[in-house]
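Asks: Please read through the structure below; I'll follow up with questions.
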Amino acid sequence: MSDVEEAITRAHHEEWARVLAALTRRFGDLDIAEEAAAEAFATAVERWPADGVPPNPGAWLTTTAVRKAIDRIRRENKRDDKHKEAQMVYDSDPPEPLGAIDDDRLRLIFTCCHPALAMEARLALTLRMVGGLTVPEIARAFLVQETAMGQRITRAKAKIKAARIPYRMPSAQDLPARVTGVLAVLFLVFNEGYLATGPDTDAVRHDLTAEAIRLTRLIRALLPDDGEVAGLLALMLLIEARRTARVSASGELVALDEQDRGAWDATLITEGHRLVRERLAVAAAGVAPGRYQILAAINAVHTSARDVRDTDWSQVLALYDQLVRLDPSPVIALNRAIAVAELDGPEVALAAVNRLEHRLAGYHAYHATRADLLRRLGQSQQSRAAYDKAIELAGNTAETAYLTRRRDQLR
Amino acid sequence: MQYLVSVIDDKSNPGSTDRQPAISAFNERLIADGYWVFAGGLADTDAATVIDNRGEQAVLSDGPFVESKEYLAGVWVWEAPDLDVALKLATEASKVCDRKIEVRPFQ
C-alpha cells in the first residue's frame, strides 16, 4: 500500500463517523450527511495522490463534505425555487467548537441503535453510518443480497425521518438502558464475526470482529467511565486474542482446552487484563459489575492460565454464579455447567445440562456440551446421538468439522 | 410533530375493564403538559361498517375491514417534539390502559 492509500484508509477509519456526525447535526438529515461524506472520501481518493495528503485530513474531509452537501441542497432547492433557504443554512451556521464533535458521534450512535428500530436495522445502520462500511460490505457480512441490505438501510433512515427519532444524547435517566442497547448491537456484530453462521464463510470473520472492537473502542473513548463499555471491550479483546489459535490449519475449530496457548495474542491479553483489573478495583469499592464485566473476568481467568490444567475453575464457577443471578438465561446456565464438570465431575454437570433441554433443544451448543459430558462418562452411544444432533444444528463449517471428528473418535 | 397513538386490545386476552378513572387522570396530565390533541374510545368492531365506492356502485358491508383477534379499541392524537417523548408517554399509556399501544407519526 502506498503512503497516500494508507493515509486514505486511516482517514476513513478515524474520520468517517466524525464527518458524518458533524454533517448530520449541521443539516439535520442522515441521507444528505451519508451521501456527502461518501462523496468527500471519493474526492480524497481522486485528489490526494496528485495534490498530496492535506495536513489535517479530518478538517479537509469535513469541509469538502459540507460543500458537497450544500451543492446538493442548492441543486434540489433550485428545482423547488428555494435557493435562498439553502444559502441561509450555509451562512447562519457558526463554526463548530472542537469538543462538540465528539458528542455528535455519540448522538449518531444512539440514533442508529434506537430501540424503535428492528435489531437487524440497527446493526446495518451502525455499520454504515458509524463504521463507514459500504452497503455491499455489510450485505456480504450478513449474507444478504445487496439490494435487500440497501433497502433495509433506506427503510431505517426513512423511519428515523418520518417518526422523528431524535439526534441527541438520551436523558441521564435513559442513558444506562440506551448504552446497553448500543453494546448489544456491537456484541452481535462481534459474535457474528467470531462464529460466522454461514456454511460457506470463513470460520472467523476478522473484518467483523475488528470492526466491533474498533467501534467499542470509540464508545469507550466517548464514555470512559461506563463500566459495561470497558467490560465489553475487555471481553472482545480477550476473545479476539485467541482468534488465530481457534481454527486449525485444516479449518477445524479448536476448543479452548486444545488450543496452542503460545499462539494467543499477548498484547491483546495484556490490554484486556488491564481493563478487567480496572473494573475489579471499582467493584471492590462497592459498584456491582454488569454482565459484560463478569464475562470479561471469566475470560481473564481462562487467559491467565498458561496451561489448561492451571485454570482456576472455582474462580470461573464463582463468576458464573454471579452472572446467573444477573442473567438467568439458559445459555449462561449451560456455560456454568461446563465449569461444574471440571469441579464436581461430568455426572453432576450432565444433570444440570439435562434440566435445560426444554429451553435449549434447538441450540447446537446444548447438544455439543451434552455429547462431551456423555463421552467423558463413557456413554458412547448416547454421546454419538448428541453429536449427530449438534452437527445437524451447527451452522459454522469449522465447528461442524470439529464435532464430526469428536464423534468419529468415539469408541 | 403529531402522532397517532392507538390502543390495541386482544379479543382472546382483553385488558382489564376498570381503567377509565386512570385514563381520565392521564388525559388531564396530557392536556396540562400540552401533548393532548384528541382522544376517543371506540365502540366494538361489530358496530363498524365498511363502504367501498371505488366501483360503479357503493357496496356496504357489516363489520370491520379486517377481522382479527387484535383490534383498535381507542385512539389519541398527541403533539410531541420527537419520538422519544412520544414513546415515553406511550409507555405510561400502556400501563394506564392495560393494553398494547402503537405509536405512528402523521406525515
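So you can find residues: chains in the C-alpha cells are A, B, ... in the order shown, residues in each start at 1, and ligands are numbered from 1 in order.
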Please, which residues of chain A lie no more than 8 Å from chain B when the count uses only C-alpha atoms, and can they be set out as a ChimeraX atom specification?
Replies: /A:162-166
Asks: Let me see the file: selected residues, N, CA and C atoms, as a CSV table (one decimal), in the first residue's frame.
Replies:
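Once everything was written out, this is out28.csv:
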```csv
chain,number,residue,atom,x,y,z
A,162,ALA,N,-39.3,10.0,9.4
A,162,ALA,CA,-40.8,10.1,9.4
A,162,ALA,C,-41.3,10.1,10.9
A,163,ALA,N,-40.7,9.3,11.7
A,163,ALA,CA,-41.2,9.2,13.1
A,163,ALA,C,-40.5,10.2,14.0
A,164,ARG,N,-39.5,10.9,13.4
A,164,ARG,CA,-38.7,11.9,14.1
A,164,ARG,C,-38.0,11.3,15.3
A,165,ILE,N,-37.2,10.3,15.0
A,165,ILE,CA,-36.2,9.7,16.0
A,165,ILE,C,-35.2,10.8,16.2
A,166,PRO,N,-35.0,11.3,17.5
A,166,PRO,CA,-34.2,12.5,17.7
A,166,PRO,C,-32.7,12.1,17.6
```
Asks: Tell me, as a CSV table (one decimal) with N, CA, C and O atoms, in the first residue's frame, which residues lie within 9 Å of Ser68 (chain B), counting only C-alpha atoms; anything in the same chain fewer than 3 positions away does not count.
Replies:
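Okay, out-v4.csv is ready:
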```
chain,number,residue,atom,x,y,z
B,10,ASP,N,-57.1,-7.2,22.7
B,10,ASP,CA,-57.0,-8.5,22.2
B,10,ASP,C,-58.2,-9.3,22.6
B,10,ASP,O,-58.5,-9.4,23.8
B,11,LYS,N,-59.0,-9.7,21.7
B,11,LYS,CA,-60.3,-10.3,22.0
B,11,LYS,C,-60.1,-11.6,22.8
B,11,LYS,O,-61.0,-11.9,23.7
B,71,TYR,N,-57.5,-5.7,17.9
B,71,TYR,CA,-58.3,-4.6,17.2
B,71,TYR,C,-58.1,-3.3,17.9
B,71,TYR,O,-57.6,-3.2,19.0
```
Asks: Which is closest to Ala398 (chain A) among A:Arg370, A:Arg246, A:Arg140, A:Lys159, if we use only C-alpha atoms?
Replies: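 Between A:Arg370, A:Arg246, A:Arg140, A:Lys159, the residue approaching Ala398 (chain A) most closely is A:Arg246.
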Asks: Mind checking which residues fall within 7 Å of Ser61 (chain B), counting only C-alpha atoms, ignoring those fewer than 3 positions away in the same chain, and posting them as a PyMOL selection string?
Replies: chain B and resi 49-51
Asks: Using DSSP on the backbone coordinates, identify the residues of region 328-391 of chain A assigned to alpha helix (DSSP H); present them as a PyMOL selection string.
Replies: chain A and resi 330-344+346-354+357-360+364-376+380-391
Asks: Work out how far CA of Val301 (chain A) is from CA of Leu356 (chain A), in Å to one decimal.
Replies: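 Atom-to-atom, CA of Leu356 (chain A) to CA of Val301 (chain A), that is 25.6 Å.
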Asks: What parts of chain B does DSSP call strand (DSSP E or B)? I'd like the answer as number ranges by chain.
Replies: B: 2-10, 36-41, 49-52, 59-62, 70-79, 100-105
Asks: Residues at most 7 Å from Trp264 (chain A), counting only C-alpha atoms, excluding those fewer than 6 positions away in the same chain, as a ChimeraX atom specification?
Replies: /A:241-242,245
Asks: So that I can see what lies close to Tyr292 (chain A), please list as an MDAnalysis selection string the residues with an atom at most 7 Å from it, counting only C-alpha atoms and leaving out residues fewer than 3 positions away in the same chain.
Replies: chainID A and resid 228 231:232 235 295:296
Asks: Just the selected residues (N, CA and C atoms), exported as a PDB file, in the first residue's frame, please.
Replies:
```
ATOM      1  N   GLU A 228     -19.662  -1.084  31.896  1.00  0.00           N
ATOM      2  CA  GLU A 228     -20.038  -2.115  30.936  1.00  0.00           C
ATOM      3  C   GLU A 228     -19.364  -1.917  29.578  1.00  0.00           C
ATOM      4  N   GLY A 231     -16.090  -3.308  30.140  1.00  0.00           N
ATOM      5  CA  GLY A 231     -16.243  -4.756  30.227  1.00  0.00           C
ATOM      6  C   GLY A 231     -16.381  -5.396  28.861  1.00  0.00           C
ATOM      7  N   LEU A 232     -17.211  -4.804  28.006  1.00  0.00           N
ATOM      8  CA  LEU A 232     -17.399  -5.376  26.667  1.00  0.00           C
ATOM      9  C   LEU A 232     -16.102  -5.295  25.865  1.00  0.00           C
ATOM     10  N   LEU A 235     -13.845  -7.982  27.129  1.00  0.00           N
ATOM     11  CA  LEU A 235     -14.349  -9.280  26.684  1.00  0.00           C
ATOM     12  C   LEU A 235     -13.967  -9.549  25.223  1.00  0.00           C
ATOM     13  N   LEU A 295     -18.413 -11.447  32.286  1.00  0.00           N
ATOM     14  CA  LEU A 295     -17.944 -12.302  31.189  1.00  0.00           C
ATOM     15  C   LEU A 295     -16.464 -12.032  30.889  1.00  0.00           C
ATOM     16  N   ALA A 296     -16.069 -10.764  30.949  1.00  0.00           N
ATOM     17  CA  ALA A 296     -14.663 -10.418  30.719  1.00  0.00           C
ATOM     18  C   ALA A 296     -13.787 -11.042  31.801  1.00  0.00           C
TER      19      ALA A 296
END
```
Asks: What's the 12 Å shell around Thr404 (chain A), counting only C-alpha atoms, without same-chain residues fewer than 6 positions away, as JSON, numbers by chain?
Replies: {"A": [252, 253, 368, 371, 384, 385, 386, 387, 388, 389, 390, 391, 392, 394, 397, 398, 410]}
Asks: Would you mind exporting N, CA and C atoms of the selected residues as a short mmCIF file (atom, residue, chain, number, x, y, z; two decimals), in the first residue's frame?
Replies:
```cif
data_model
loop_
_atom_site.label_atom_id
_atom_site.label_comp_id
_atom_site.auth_asym_id
_atom_site.auth_seq_id
_atom_site.Cartn_x
_atom_site.Cartn_y
_atom_site.Cartn_z
N GLU A 252 -10.43 -26.61 11.10
CA GLU A 252 -11.31 -27.17 12.12
C GLU A 252 -11.26 -26.30 13.36
N LEU A 253 -12.42 -26.15 14.00
CA LEU A 253 -12.48 -25.37 15.23
C LEU A 253 -11.65 -26.08 16.31
N ALA A 368 -23.81 -30.25 21.85
CA ALA A 368 -22.35 -30.46 21.85
C ALA A 368 -21.84 -30.64 23.28
N ALA A 371 -22.93 -34.01 24.50
CA ALA A 371 -22.14 -35.05 23.83
C ALA A 371 -20.81 -35.22 24.54
N ARG A 384 -22.84 -40.23 20.84
CA ARG A 384 -22.88 -40.17 19.37
C ARG A 384 -24.18 -39.49 18.90
N ALA A 385 -25.28 -39.88 19.52
CA ALA A 385 -26.57 -39.29 19.13
C ALA A 385 -26.58 -37.78 19.39
N ALA A 386 -25.97 -37.37 20.50
CA ALA A 386 -25.93 -35.94 20.82
C ALA A 386 -25.03 -35.20 19.84
N TYR A 387 -23.88 -35.83 19.47
CA TYR A 387 -23.03 -35.21 18.45
C TYR A 387 -23.78 -35.05 17.13
N ASP A 388 -24.53 -36.09 16.75
CA ASP A 388 -25.30 -36.03 15.49
C ASP A 388 -26.23 -34.83 15.50
N LYS A 389 -26.89 -34.66 16.63
CA LYS A 389 -27.85 -33.56 16.74
C LYS A 389 -27.11 -32.21 16.67
N ALA A 390 -25.97 -32.12 17.35
CA ALA A 390 -25.19 -30.88 17.36
C ALA A 390 -24.71 -30.55 15.94
N ILE A 391 -24.24 -31.56 15.21
CA ILE A 391 -23.74 -31.35 13.85
C ILE A 391 -24.87 -30.86 12.95
N GLU A 392 -26.05 -31.47 13.15
CA GLU A 392 -27.21 -31.08 12.35
C GLU A 392 -27.57 -29.60 12.56
N ALA A 394 -25.44 -27.13 13.91
CA ALA A 394 -24.34 -26.15 13.84
C ALA A 394 -24.29 -25.52 12.46
N THR A 397 -18.85 -24.03 9.52
CA THR A 397 -18.13 -25.15 8.91
C THR A 397 -17.05 -25.71 9.83
N ALA A 398 -16.28 -24.82 10.44
CA ALA A 398 -15.18 -25.26 11.30
C ALA A 398 -15.71 -26.00 12.51
N LEU A 410 -15.22 -41.49 18.89
CA LEU A 410 -15.89 -42.28 19.93
C LEU A 410 -15.69 -43.75 19.66
#
```
Asks: Work out how far apart CA of Ala284 (chain A) and CA of Ala221 (chain A) are and give it in Å to one decimal.
Replies: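 The value is 23.4 Å.
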Asks: Hey, can you check how far CA of Asn299 (chain A) sits from CA of Ile239 (chain A)?
Replies: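 Interatomic distance, CA of Asn299 (chain A) to CA of Ile239 (chain A): 7.3 Å.
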Asks: Counting only C-alpha atoms, what is within 8 Å of Arg178 (chain A), bar same-chain residues fewer than 3 positions away, as an NGL selection string?
Replies: :A and (110 or 114-115 or 170 or 174-175 or 181-182)
